[in-house]
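Here the structure comes first, spelled out in structure tokens, and everything after it is commentary.
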Amino acid sequence: MKILVPSLGESITEATVAKWLKKKGAVVSKDEVLVELETDKATLEIYAQSDGTLSEIYFEVGQDVEIGAELAEFIQGKKKGINLEIKQKTSAIEEEKNSNVSDLEIIEEKIMIPETVSAIEVKRSGAGNKITKNDLQEFIGGKNLSPSQRRKDIYAKQDNEFDGLSNTVQSSTNKSTRVPMTRLQRTMAKRLKSAQNTAAMLTTFNEVDMSKVIKIRTSNKNNFEKKFSVKLGFMSFFCTAVSFALKEMPIINSEIDGNDIIYHNHIDLGIALGAPQGLLVPVIRTVDSKSFSDIEKEIYDFGVEAKNGSITTAQMSGATFTITNGGVYGSMMSTPIINPPQAAILGLHQIKDRAIVENGEIKIKSMMYIALTYDHRAVSGKEAVSFLVKVKEFIEEPARMLIGS
């Protein structure tokens, strides 16, 4: 029985093998996870359809696979298992069979080396750019980890290495570590760079007095959480304010397609979230028809799914506008990059108490900078500034959102 790469969505043509959870020769039960595949937008699991044995594995961790490709061979039926343990390789490496590892340094101690190991994948820390025993051991120890797990291990190791090095100049023998980008990171890099190369991006800024929203949130957060089992955050206020502003300024809720501008009659907001595997942008559908509790519940669920890697491609497709909140990480000001093919993106930032002149008096207010990056090919400066002012007005007078004025 062949294990094939399934169809992963209309726009996805290939994936990357992120992690094998079962080794060659493993006896597995129905519905156990065999392998994790990383797509442009999410990590997906492939399950065993029946009891059996994973007899062959054709793609290693980190390799790209096309839709329909044969990942592995699976023998159905419970068996004692197939003795397919990886053979030990000693100091002699067969040149014909393993030409891609012909330059591995010969070592005295025996090391378990996967037969499909490529010298390109192993870092080289030995003299003359050779691969040492420690290099092999580190590689083998991390080969079955997903890209995000490998990064975590590397960061943890680096933190340990730098502990206690204060007031000490690092030695020139310290090494840098090369970590492959995940498929999600590679795709995001291409998309963002494409946006820079294609769109005529410009950013306009404003500042928002958050005092009234903070007061409403403070006085209602306990009852809100008790009633809806979710915390009342600031994002539901901004999602609602944006939905009202987009209805008044439909050009912001559009996209360019060739020589045409497509105006969307629906408002599907992408909410940028940081996750172990990279930036994810799940979508709240028809946000203009949803209550604060509906919005907060969806955002909470997205956060949980982002952490455990269970967000699906469908959940991250079709946004007409995006909100990104760098304020949760302490950002005071930024120029967000448009998420193509959208025409604009709203950036939120940290709330800070600042001295503000109001009616000739200096007052301390809780202020936030907001930024709108827009595609100047479709959106004029006047339209962009007007949209940002409308968002500001709804947030500063939240009662207006109750009556939609």
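By order of appearance in the structure tokens: chains A, B, ..., then residues from 1 within every chain, and ligands from 1 in the order shown.
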
Any chance you could list, as a list in words, the residues in region 197-249 of chain A that come up strand (DSSP E or B) when DSSP is run on the backbone?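 Across region 197-249 of chain A, those assigned strand (DSSP E or B) are Met201, Leu202, Thr203, Thr204, Phe205, Asn206, Glu207, Val208 and Asp209 of chain A.
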
Given the selection you just returned, output its residues as a file containing C-alpha atoms, formatted as a CSV table (one decimal), in the first residue's frame.
chain,number,residue,atom,x,y,z
A,201,MET,CA,3.4,50.7,-0.8
A,202,LEU,CA,3.1,53.8,1.4
A,203,THR,CA,2.4,54.0,5.1
A,204,THR,CA,0.3,56.7,6.9
A,205,PHE,CA,0.2,57.1,10.7
A,206,ASN,CA,-2.1,58.4,13.3
A,207,GLU,CA,-2.5,58.1,17.1
A,208,VAL,CA,-5.5,56.9,19.1
A,209,ASP,CA,-6.6,57.8,22.5

Distance query Lys30 (chain A) at most 10 Å, only C-alpha atoms, self and fewer than 5 positions along chain excluded, as a PyMOL selection string: chain A and resi 47-52+76-77

As an exercise, work out the distance from CA of Val328 (chain A) to CA of Val389 (chain A) in Å and give it to one decimal place.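 Rounded to one decimal, the two atoms are 22.5 Å apart.
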
Check the DSSP output for the backbone and give back, as a list in words, the residues of region 238-349 of chain A in alpha helix (DSSP H).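 Alpha helix (DSSP H) members of region 238-349 of chain A, listed: Phe238, Cys239, Thr240, Ala241, Val242, Ser243, Phe244, Ala245, Leu246, Lys247, Glu248, Phe292, Ser293, Asp294, Ile295, Glu296, Lys297, Glu298, Ile299, Tyr300, Asp301, Phe302, Gly303, Val304, Glu305, Ala306, Lys307 and Asn308 of chain A.
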
May I have the residues from that selection written out with N, CA and C atoms, as a short mmCIF file (atom, residue, chain, number, x, y, z; two decimals), in the first residue's frame?
data_model
loop_
_atom_site.label_atom_id
_atom_site.label_comp_id
_atom_site.auth_asym_id
_atom_site.auth_seq_id
_atom_site.Cartn_x
_atom_site.Cartn_y
_atom_site.Cartn_z
N PHE A 238 -11.03 46.77 17.69
CA PHE A 238 -10.43 47.19 16.43
C PHE A 238 -11.05 46.46 15.24
N CYS A 239 -11.39 45.18 15.41
CA CYS A 239 -12.03 44.44 14.32
C CYS A 239 -13.37 45.09 13.95
N THR A 240 -14.12 45.47 14.98
CA THR A 240 -15.42 46.10 14.74
C THR A 240 -15.26 47.48 14.13
N ALA A 241 -14.30 48.26 14.65
CA ALA A 241 -14.05 49.60 14.10
C ALA A 241 -13.61 49.51 12.65
N VAL A 242 -12.74 48.55 12.33
CA VAL A 242 -12.27 48.37 10.96
C VAL A 242 -13.41 47.98 10.04
N SER A 243 -14.31 47.12 10.51
CA SER A 243 -15.42 46.68 9.66
C SER A 243 -16.33 47.86 9.30
N PHE A 244 -16.59 48.76 10.27
CA PHE A 244 -17.38 49.96 9.98
C PHE A 244 -16.65 50.87 9.00
N ALA A 245 -15.34 51.05 9.23
CA ALA A 245 -14.56 51.94 8.36
C ALA A 245 -14.46 51.39 6.95
N LEU A 246 -14.32 50.08 6.81
CA LEU A 246 -14.23 49.47 5.48
C LEU A 246 -15.53 49.64 4.69
N LYS A 247 -16.66 49.61 5.38
CA LYS A 247 -17.94 49.81 4.69
C LYS A 247 -18.05 51.23 4.14
N GLU A 248 -17.45 52.17 4.86
CA GLU A 248 -17.48 53.55 4.40
C GLU A 248 -16.41 53.83 3.34
N PHE A 292 -18.76 41.05 19.76
CA PHE A 292 -17.44 41.07 20.40
C PHE A 292 -17.06 39.69 20.93
N SER A 293 -18.03 39.00 21.52
CA SER A 293 -17.74 37.67 22.07
C SER A 293 -17.40 36.68 20.96
N ASP A 294 -18.09 36.76 19.83
CA ASP A 294 -17.78 35.88 18.69
C ASP A 294 -16.35 36.11 18.22
N ILE A 295 -15.97 37.37 18.10
CA ILE A 295 -14.63 37.71 17.62
C ILE A 295 -13.57 37.23 18.60
N GLU A 296 -13.78 37.50 19.90
CA GLU A 296 -12.79 37.10 20.90
C GLU A 296 -12.64 35.58 20.98
N LYS A 297 -13.74 34.85 20.82
CA LYS A 297 -13.67 33.39 20.84
C LYS A 297 -12.87 32.86 19.66
N GLU A 298 -13.10 33.43 18.48
CA GLU A 298 -12.35 32.98 17.30
C GLU A 298 -10.86 33.27 17.44
N ILE A 299 -10.54 34.46 17.94
CA ILE A 299 -9.13 34.82 18.10
C ILE A 299 -8.47 33.91 19.12
N TYR A 300 -9.17 33.61 20.20
CA TYR A 300 -8.62 32.70 21.21
C TYR A 300 -8.38 31.31 20.62
N ASP A 301 -9.35 30.80 19.89
CA ASP A 301 -9.20 29.48 19.27
C ASP A 301 -8.05 29.46 18.28
N PHE A 302 -7.90 30.55 17.51
CA PHE A 302 -6.79 30.64 16.56
C PHE A 302 -5.45 30.57 17.30
N GLY A 303 -5.38 31.27 18.44
CA GLY A 303 -4.14 31.26 19.21
C GLY A 303 -3.76 29.88 19.69
N VAL A 304 -4.76 29.13 20.17
CA VAL A 304 -4.51 27.76 20.63
C VAL A 304 -4.06 26.88 19.47
N GLU A 305 -4.76 26.98 18.34
CA GLU A 305 -4.42 26.16 17.18
C GLU A 305 -3.07 26.53 16.60
N ALA A 306 -2.71 27.82 16.68
CA ALA A 306 -1.40 28.25 16.18
C ALA A 306 -0.28 27.63 16.99
N LYS A 307 -0.47 27.53 18.30
CA LYS A 307 0.57 26.96 19.16
C LYS A 307 0.76 25.46 18.93
N ASN A 308 -0.35 24.75 18.70
CA ASN A 308 -0.21 23.30 18.50
C ASN A 308 -0.12 22.90 17.03
#

As an mmCIF file with N, CA and C atoms, in the first residue's frame, please: the residues near Ala199 (chain A) (cut-off 8 Å, only C-alpha atoms, same-chain neighbours under 6 positions excluded).
data_model
loop_
_atom_site.group_PDB
_atom_site.id
_atom_site.type_symbol
_atom_site.label_atom_id
_atom_site.label_comp_id
_atom_site.auth_asym_id
_atom_site.auth_seq_id
_atom_site.Cartn_x
_atom_site.Cartn_y
_atom_site.Cartn_z
ATOM 1 N N ASP A 375 -1.582 50.076 -0.884
ATOM 2 C CA ASP A 375 -1.069 50.012 -2.243
ATOM 3 C C ASP A 375 -1.534 51.273 -2.975
ATOM 4 N N HIS A 376 -0.581 52.153 -3.240
ATOM 5 C CA HIS A 376 -0.913 53.453 -3.823
ATOM 6 C C HIS A 376 -1.410 53.330 -5.269
ATOM 7 N N ARG A 377 -1.277 52.160 -5.873
ATOM 8 C CA ARG A 377 -1.808 51.961 -7.219
ATOM 9 C C ARG A 377 -3.331 51.986 -7.215
#

Pick from A:Ile395, A:Ile214, A:Leu184, A:Val283 nearest to Gly309 (chain A), counting only C-alpha atoms: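 The answer is A:Leu184, which sits nearest to Gly309 (chain A).
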
Just want the 12 Å neighbourhood of Leu232 (chain A), counted on only C-alpha atoms, with same-chain residues fewer than 2 positions away dropped. Output as a PyMOL selection string. chain A and resi 213-214+216-230+234-237+291-297+299-300

Interatomic distance, CA of Lys215 (chain A) to CA of Ile356 (chain A) (Å, one decimal):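 That distance, rounded to one decimal, is 18.0 Å.
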
With distances taken over only C-alpha atoms, which of A:Leu348, A:Leu54, A:Ala69, A:Ala195 is nearest to Val28 (chain A)?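 For Val28 (chain A), the nearest of the candidates is A:Leu54.
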